[in-house]
Structures are given as C-alpha cells and as structure tokens.
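Raw contents of query34.txt, compact mmCIF, N, CA and C atoms:
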# COMPACT_ATOMS: atom_id res chain seq x y z
N MET A 1 0.84 -1.18 0.00
CA MET A 1 0.00 0.00 0.00
C MET A 1 0.88 1.23 0.00
N SER A 2 0.45 2.19 -0.75
CA SER A 2 1.24 3.42 -0.82
C SER A 2 0.90 4.32 0.37
N ASN A 3 1.75 5.29 0.56
CA ASN A 3 1.56 6.23 1.67
C ASN A 3 0.27 7.03 1.51
N LYS A 4 -0.04 7.44 0.28
CA LYS A 4 -1.25 8.24 0.04
C LYS A 4 -2.50 7.43 0.36
N LEU A 5 -2.50 6.17 0.00
CA LEU A 5 -3.66 5.33 0.27
C LEU A 5 -3.83 5.10 1.78
N ARG A 6 -2.75 4.92 2.50
CA ARG A 6 -2.83 4.76 3.96
C ARG A 6 -3.38 6.02 4.63
N LYS A 7 -2.90 7.19 4.19
CA LYS A 7 -3.41 8.45 4.75
C LYS A 7 -4.88 8.61 4.44
N LEU A 8 -5.29 8.27 3.21
CA LEU A 8 -6.69 8.40 2.82
C LEU A 8 -7.57 7.48 3.65
N ILE A 9 -7.13 6.25 3.88
CA ILE A 9 -7.89 5.31 4.71
C ILE A 9 -7.94 5.80 6.16
N ALA A 10 -6.83 6.31 6.66
CA ALA A 10 -6.80 6.82 8.03
C ALA A 10 -7.73 8.01 8.20
N ILE A 11 -7.72 8.92 7.26
CA ILE A 11 -8.59 10.10 7.33
C ILE A 11 -10.05 9.67 7.22
N GLY A 12 -10.34 8.78 6.30
CA GLY A 12 -11.72 8.31 6.12
C GLY A 12 -12.25 7.60 7.34
N SER A 13 -11.43 6.72 7.92
CA SER A 13 -11.89 6.02 9.12
C SER A 13 -12.02 6.96 10.32
N THR A 14 -11.16 7.96 10.41
CA THR A 14 -11.27 8.95 11.48
C THR A 14 -12.56 9.75 11.35
N ILE A 15 -12.88 10.16 10.14
CA ILE A 15 -14.12 10.92 9.91
C ILE A 15 -15.33 10.05 10.23
N ALA A 16 -15.30 8.78 9.81
CA ALA A 16 -16.42 7.88 10.11
C ALA A 16 -16.57 7.67 11.61
N LEU A 17 -15.46 7.51 12.31
CA LEU A 17 -15.51 7.33 13.76
C LEU A 17 -16.05 8.58 14.44
N MET A 18 -15.63 9.76 13.96
CA MET A 18 -16.13 11.01 14.55
C MET A 18 -17.62 11.18 14.30
N LEU A 19 -18.10 10.81 13.12
CA LEU A 19 -19.53 10.91 12.84
C LEU A 19 -20.35 10.01 13.76
N VAL A 20 -19.82 8.85 14.07
CA VAL A 20 -20.53 7.93 14.95
C VAL A 20 -20.43 8.38 16.41
N ALA A 21 -19.24 8.83 16.82
CA ALA A 21 -19.02 9.15 18.23
C ALA A 21 -19.62 10.48 18.65
N PHE A 22 -19.67 11.44 17.74
CA PHE A 22 -20.08 12.79 18.13
C PHE A 22 -21.49 13.14 17.70
N THR A 23 -22.31 12.16 17.43
CA THR A 23 -23.70 12.47 17.08
C THR A 23 -24.46 12.81 18.36
N VAL A 24 -25.36 13.76 18.25
CA VAL A 24 -26.16 14.21 19.38
C VAL A 24 -27.62 14.11 18.98
N ILE A 25 -28.40 13.49 19.82
CA ILE A 25 -29.82 13.41 19.56
C ILE A 25 -30.46 14.69 20.07
N ALA A 26 -31.10 15.41 19.18
CA ALA A 26 -31.74 16.67 19.55
C ALA A 26 -33.23 16.42 19.74
N LEU A 27 -33.68 16.59 20.96
CA LEU A 27 -35.10 16.45 21.25
C LEU A 27 -35.75 17.82 21.18
N ALA A 28 -36.72 17.95 20.31
CA ALA A 28 -37.37 19.24 20.13
C ALA A 28 -38.40 19.45 21.23
N ASN A 29 -38.30 20.59 21.89
CA ASN A 29 -39.26 20.97 22.92
C ASN A 29 -40.20 22.03 22.36
N ASP A 30 -41.19 22.33 23.13
CA ASP A 30 -42.09 23.41 22.77
C ASP A 30 -41.33 24.72 22.83
N PRO A 31 -41.32 25.51 21.74
CA PRO A 31 -40.54 26.75 21.75
C PRO A 31 -41.02 27.76 22.79
N VAL A 32 -42.30 27.75 23.10
CA VAL A 32 -42.82 28.68 24.11
C VAL A 32 -42.26 28.32 25.48
N GLN A 33 -42.18 27.02 25.76
CA GLN A 33 -41.62 26.58 27.04
C GLN A 33 -40.14 26.96 27.15
N THR A 34 -39.42 26.86 26.04
CA THR A 34 -38.01 27.24 26.03
C THR A 34 -37.85 28.72 26.32
N VAL A 35 -38.67 29.55 25.72
CA VAL A 35 -38.61 31.00 25.96
C VAL A 35 -38.99 31.30 27.40
N ASN A 36 -39.98 30.59 27.94
CA ASN A 36 -40.37 30.80 29.35
C ASN A 36 -39.24 30.40 30.29
N ASN A 37 -38.54 29.31 29.98
CA ASN A 37 -37.41 28.90 30.82
C ASN A 37 -36.31 29.95 30.79
N LEU A 38 -36.02 30.49 29.60
CA LEU A 38 -35.02 31.54 29.48
C LEU A 38 -35.44 32.79 30.25
N SER A 39 -36.71 33.14 30.15
CA SER A 39 -37.23 34.30 30.88
C SER A 39 -37.11 34.10 32.39
N ASN A 40 -37.43 32.91 32.86
CA ASN A 40 -37.30 32.63 34.29
C ASN A 40 -35.85 32.74 34.74
N PHE A 41 -34.93 32.23 33.92
CA PHE A 41 -33.51 32.31 34.27
C PHE A 41 -33.04 33.76 34.34
N VAL A 42 -33.43 34.57 33.35
CA VAL A 42 -33.01 35.98 33.33
C VAL A 42 -33.56 36.71 34.55
N PHE A 43 -34.82 36.45 34.90
CA PHE A 43 -35.39 37.13 36.06
C PHE A 43 -34.75 36.65 37.37
N GLN A 44 -34.31 35.40 37.43
CA GLN A 44 -33.59 34.94 38.61
C GLN A 44 -32.24 35.63 38.75
N VAL A 45 -31.57 35.84 37.63
CA VAL A 45 -30.29 36.57 37.66
C VAL A 45 -30.52 38.01 38.09
N ILE A 46 -31.56 38.64 37.56
CA ILE A 46 -31.87 40.03 37.93
C ILE A 46 -32.22 40.11 39.42
N ARG A 47 -32.97 39.13 39.92
CA ARG A 47 -33.32 39.12 41.35
C ARG A 47 -32.06 38.98 42.21
N ALA A 48 -31.13 38.12 41.79
CA ALA A 48 -29.89 37.95 42.56
C ALA A 48 -29.09 39.25 42.59
N ILE A 49 -29.02 39.93 41.46
CA ILE A 49 -28.31 41.22 41.41
C ILE A 49 -29.00 42.23 42.32
N GLY A 50 -30.34 42.25 42.29
CA GLY A 50 -31.09 43.16 43.14
C GLY A 50 -30.86 42.90 44.62
N LEU A 51 -30.77 41.63 45.00
CA LEU A 51 -30.52 41.30 46.40
C LEU A 51 -29.11 41.69 46.83
N ILE A 52 -28.16 41.56 45.92
CA ILE A 52 -26.79 42.00 46.22
C ILE A 52 -26.75 43.51 46.42
N ILE A 53 -27.44 44.25 45.55
CA ILE A 53 -27.50 45.71 45.69
C ILE A 53 -28.22 46.09 46.98
N LEU A 54 -29.28 45.37 47.30
CA LEU A 54 -30.02 45.63 48.55
C LEU A 54 -29.12 45.42 49.76
N ALA A 55 -28.36 44.34 49.77
CA ALA A 55 -27.45 44.09 50.90
C ALA A 55 -26.39 45.18 51.00
N PHE A 56 -25.85 45.59 49.85
CA PHE A 56 -24.87 46.68 49.85
C PHE A 56 -25.48 47.97 50.38
N GLY A 57 -26.73 48.25 50.00
CA GLY A 57 -27.40 49.45 50.49
C GLY A 57 -27.64 49.42 51.99
N ILE A 58 -27.97 48.25 52.52
CA ILE A 58 -28.17 48.13 53.97
C ILE A 58 -26.86 48.37 54.72
N VAL A 59 -25.77 47.81 54.18
CA VAL A 59 -24.46 48.04 54.81
C VAL A 59 -24.09 49.53 54.74
N GLN A 60 -24.33 50.13 53.58
CA GLN A 60 -24.03 51.56 53.41
C GLN A 60 -24.87 52.41 54.36
N LEU A 61 -26.12 52.04 54.52
CA LEU A 61 -27.01 52.78 55.42
C LEU A 61 -26.55 52.62 56.87
N GLY A 62 -26.15 51.42 57.25
CA GLY A 62 -25.65 51.21 58.61
C GLY A 62 -24.38 51.99 58.88
N LEU A 63 -23.48 52.03 57.91
CA LEU A 63 -22.25 52.81 58.09
C LEU A 63 -22.53 54.30 58.18
N SER A 64 -23.54 54.76 57.42
CA SER A 64 -23.86 56.20 57.46
C SER A 64 -24.49 56.58 58.79
N LEU A 65 -25.26 55.69 59.37
CA LEU A 65 -25.85 55.99 60.67
C LEU A 65 -24.78 56.05 61.76
N LYS A 66 -23.74 55.24 61.59
CA LYS A 66 -22.66 55.24 62.56
C LYS A 66 -21.80 56.50 62.43
N SER A 67 -21.60 56.96 61.19
CA SER A 67 -20.70 58.11 61.00
C SER A 67 -21.45 59.44 60.97
N GLN A 68 -22.77 59.42 61.07
CA GLN A 68 -23.58 60.66 61.08
C GLN A 68 -23.38 61.48 59.81
N ASP A 69 -23.28 60.82 58.66
CA ASP A 69 -23.07 61.52 57.38
C ASP A 69 -24.39 61.53 56.61
N PRO A 70 -25.02 62.73 56.48
CA PRO A 70 -26.34 62.77 55.83
C PRO A 70 -26.31 62.43 54.34
N SER A 71 -25.26 62.79 53.61
CA SER A 71 -25.23 62.48 52.18
C SER A 71 -25.04 60.98 51.96
N GLN A 72 -24.23 60.35 52.81
CA GLN A 72 -24.05 58.90 52.71
C GLN A 72 -25.35 58.18 53.10
N ARG A 73 -26.09 58.75 54.05
CA ARG A 73 -27.37 58.18 54.46
C ARG A 73 -28.37 58.24 53.31
N ALA A 74 -28.39 59.37 52.59
CA ALA A 74 -29.29 59.50 51.44
C ALA A 74 -28.91 58.48 50.36
N ASN A 75 -27.62 58.32 50.12
CA ASN A 75 -27.18 57.32 49.14
C ASN A 75 -27.55 55.91 49.59
N GLY A 76 -27.48 55.65 50.87
CA GLY A 76 -27.86 54.35 51.40
C GLY A 76 -29.34 54.06 51.19
N PHE A 77 -30.19 55.07 51.47
CA PHE A 77 -31.62 54.89 51.24
C PHE A 77 -31.93 54.67 49.77
N LEU A 78 -31.27 55.42 48.88
CA LEU A 78 -31.48 55.25 47.45
C LEU A 78 -31.01 53.87 46.98
N THR A 79 -29.91 53.39 47.52
CA THR A 79 -29.41 52.08 47.14
C THR A 79 -30.34 50.98 47.63
N VAL A 80 -30.86 51.12 48.84
CA VAL A 80 -31.82 50.14 49.36
C VAL A 80 -33.09 50.14 48.51
N ALA A 81 -33.59 51.32 48.18
CA ALA A 81 -34.80 51.41 47.36
C ALA A 81 -34.56 50.81 45.97
N GLY A 82 -33.42 51.11 45.37
CA GLY A 82 -33.09 50.54 44.07
C GLY A 82 -32.96 49.03 44.12
N GLY A 83 -32.35 48.51 45.17
CA GLY A 83 -32.22 47.06 45.31
C GLY A 83 -33.57 46.38 45.45
N ILE A 84 -34.48 47.01 46.19
CA ILE A 84 -35.83 46.44 46.34
C ILE A 84 -36.55 46.43 45.01
N ILE A 85 -36.45 47.53 44.27
CA ILE A 85 -37.11 47.62 42.97
C ILE A 85 -36.54 46.59 42.00
N ILE A 86 -35.23 46.44 41.98
CA ILE A 86 -34.61 45.46 41.07
C ILE A 86 -34.96 44.04 41.49
N ALA A 87 -34.95 43.76 42.79
CA ALA A 87 -35.25 42.42 43.27
C ALA A 87 -36.71 42.03 42.98
N LEU A 88 -37.59 42.99 42.97
CA LEU A 88 -39.01 42.72 42.73
C LEU A 88 -39.45 43.10 41.33
N ALA A 89 -38.52 43.12 40.37
CA ALA A 89 -38.82 43.57 39.01
C ALA A 89 -39.89 42.71 38.35
N ARG A 90 -39.83 41.41 38.51
CA ARG A 90 -40.81 40.54 37.86
C ARG A 90 -42.21 40.77 38.41
N GLU A 91 -42.32 40.89 39.72
CA GLU A 91 -43.63 41.12 40.32
C GLU A 91 -44.19 42.48 39.91
N ILE A 92 -43.33 43.49 39.81
CA ILE A 92 -43.76 44.81 39.37
C ILE A 92 -44.26 44.75 37.94
N LEU A 93 -43.52 44.04 37.06
CA LEU A 93 -43.97 43.90 35.68
C LEU A 93 -45.29 43.13 35.58
N ASP A 94 -45.45 42.11 36.41
CA ASP A 94 -46.70 41.36 36.41
C ASP A 94 -47.88 42.24 36.86
N LEU A 95 -47.64 43.13 37.84
CA LEU A 95 -48.70 44.04 38.28
C LEU A 95 -49.05 45.05 37.20
N ILE A 96 -48.03 45.54 36.49
CA ILE A 96 -48.29 46.54 35.44
C ILE A 96 -49.03 45.91 34.26
N LEU A 97 -48.57 44.72 33.84
CA LEU A 97 -49.16 44.08 32.67
C LEU A 97 -50.46 43.35 32.95
N GLY A 98 -50.70 43.09 34.22
CA GLY A 98 -51.97 42.47 34.60
C GLY A 98 -51.95 41.03 34.57
As structure tokens, the full file:
Amino acid sequence: MSNKLRKLIAIGSTIALMLVAFTVIALANDPVQTVNNLSNFVFQVIRAIGLIILAFGIVQLGLSLKSQDPSQRANGFLTVAGGIIIALAREILDLILG
C-alpha cells in the first residue's frame, strides 16, 4: 500500500468514527416553554443582582448611621430602594401588565 492510500484510509476512518461518536440526539421541545425557561432564568439573575445591591445598600445605610453623614445616608436609602425595585422587578412587571 502506498503512503497516500494509507493516509486516505486513516482520514476516512477517522471521519467515520467522529460521525458515529459525536452524534447528538436533539429532542425538540415546545418553543414557548423554552422561551419561558429563558425568561425565568433571566429574572432569577436580575433578582440575585437586586438582592446584592439591597445588601450593599443596607451596609451603606448602617455605616452612614454610625458616621452621622447625611449624604451617605441618602445614598444608602437610594441604594436600598433601588435594590428592592430590582429584586421585585418581575412582580412589578406582572402588576403593570396584569
């Protein structure tokens, strides 16, 4: 056997093995359910970010009360309010849209 024929057989058998080994069965789901799952995931991420901001605002508010700094206290209240709004974004949207 020549070198070219050996390479051709090796490449062909490698491609055939890859086609058999790397096949994936794709199960089709309802597209609406897929979009709903994605929406739920996005809102969970937004809620987690909102809770992190809320915790940061509570810490900032506590530090401002200790240091008697009115501008830092105002920023703390705004951060707490923003965190609550972000954490409850889905419920707010549900109330608006009905």
key: Among the residues A:Val45, A:Ser39, A:Asp94, A:Gly76, the one that comes closest to A:Val59 [using all atoms listed in the file]   =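 Checking each of A:Val45, A:Ser39, A:Asp94, A:Gly76 against A:Val59, counting all atoms listed in the file, the winner is A:Gly76.
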message = Calculated over only N, CA and C atoms, which of the candidates A:Ile15, A:Ile92, A:Ala55, A:Leu5 has the smallest distance to A:Val80?
response =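 The shortest atom-to-atom distance to A:Val80 comes from A:Ala55.
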key: Residue neighbourhood A:Phe43, 7 Å, only N, CA and C atoms, exclusion window fewer than 5 positions, as a list in words   = Leu38, Ala48 and Arg90 of chain A
task = Pick out the residues sitting within 7 Å of A:Gly83, and hand them over as a list in words; count only N, CA and C atoms, and ignore anything fewer than 3 positions along from it in its own chain.
result = Ile49, Gly50, Leu51, Ile52, Ile53, Leu54, Ala55, Leu78, Thr79, Val80, Ile86, Ala87 and Leu88 of chain A
Interatomic distance (Å, one decimal) between atom C of A:Lys4 and atom CA of A:Leu17 = 18.7 Å
message = Give me, as a list in words, all polymer residues having an atom no more than 7 Å from A:Asn75, counting all atoms listed in the file and skipping those fewer than 5 positions away in the same chain.
response = Gly57, Gln60, Leu61, Pro70 and Val80 of chain A
key: Interatomic distance (Å, one decimal) between atom CA of A:Arg47 and atom C of A:Ser71   = 25.7 Å
inquiry  = Given only C-alpha atoms as the basis, pick out the residue of A:Ile58, A:Val42, A:Val35, A:Leu95 nearest to A:Ala81.
reply    =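 Smallest distance to A:Ala81 is found for A:Ile58.
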inquiry  = Using Å and a single decimal, report how far atom C of A:Gln44 sits from atom C of A:Leu27.
reply    = 25.3 Å
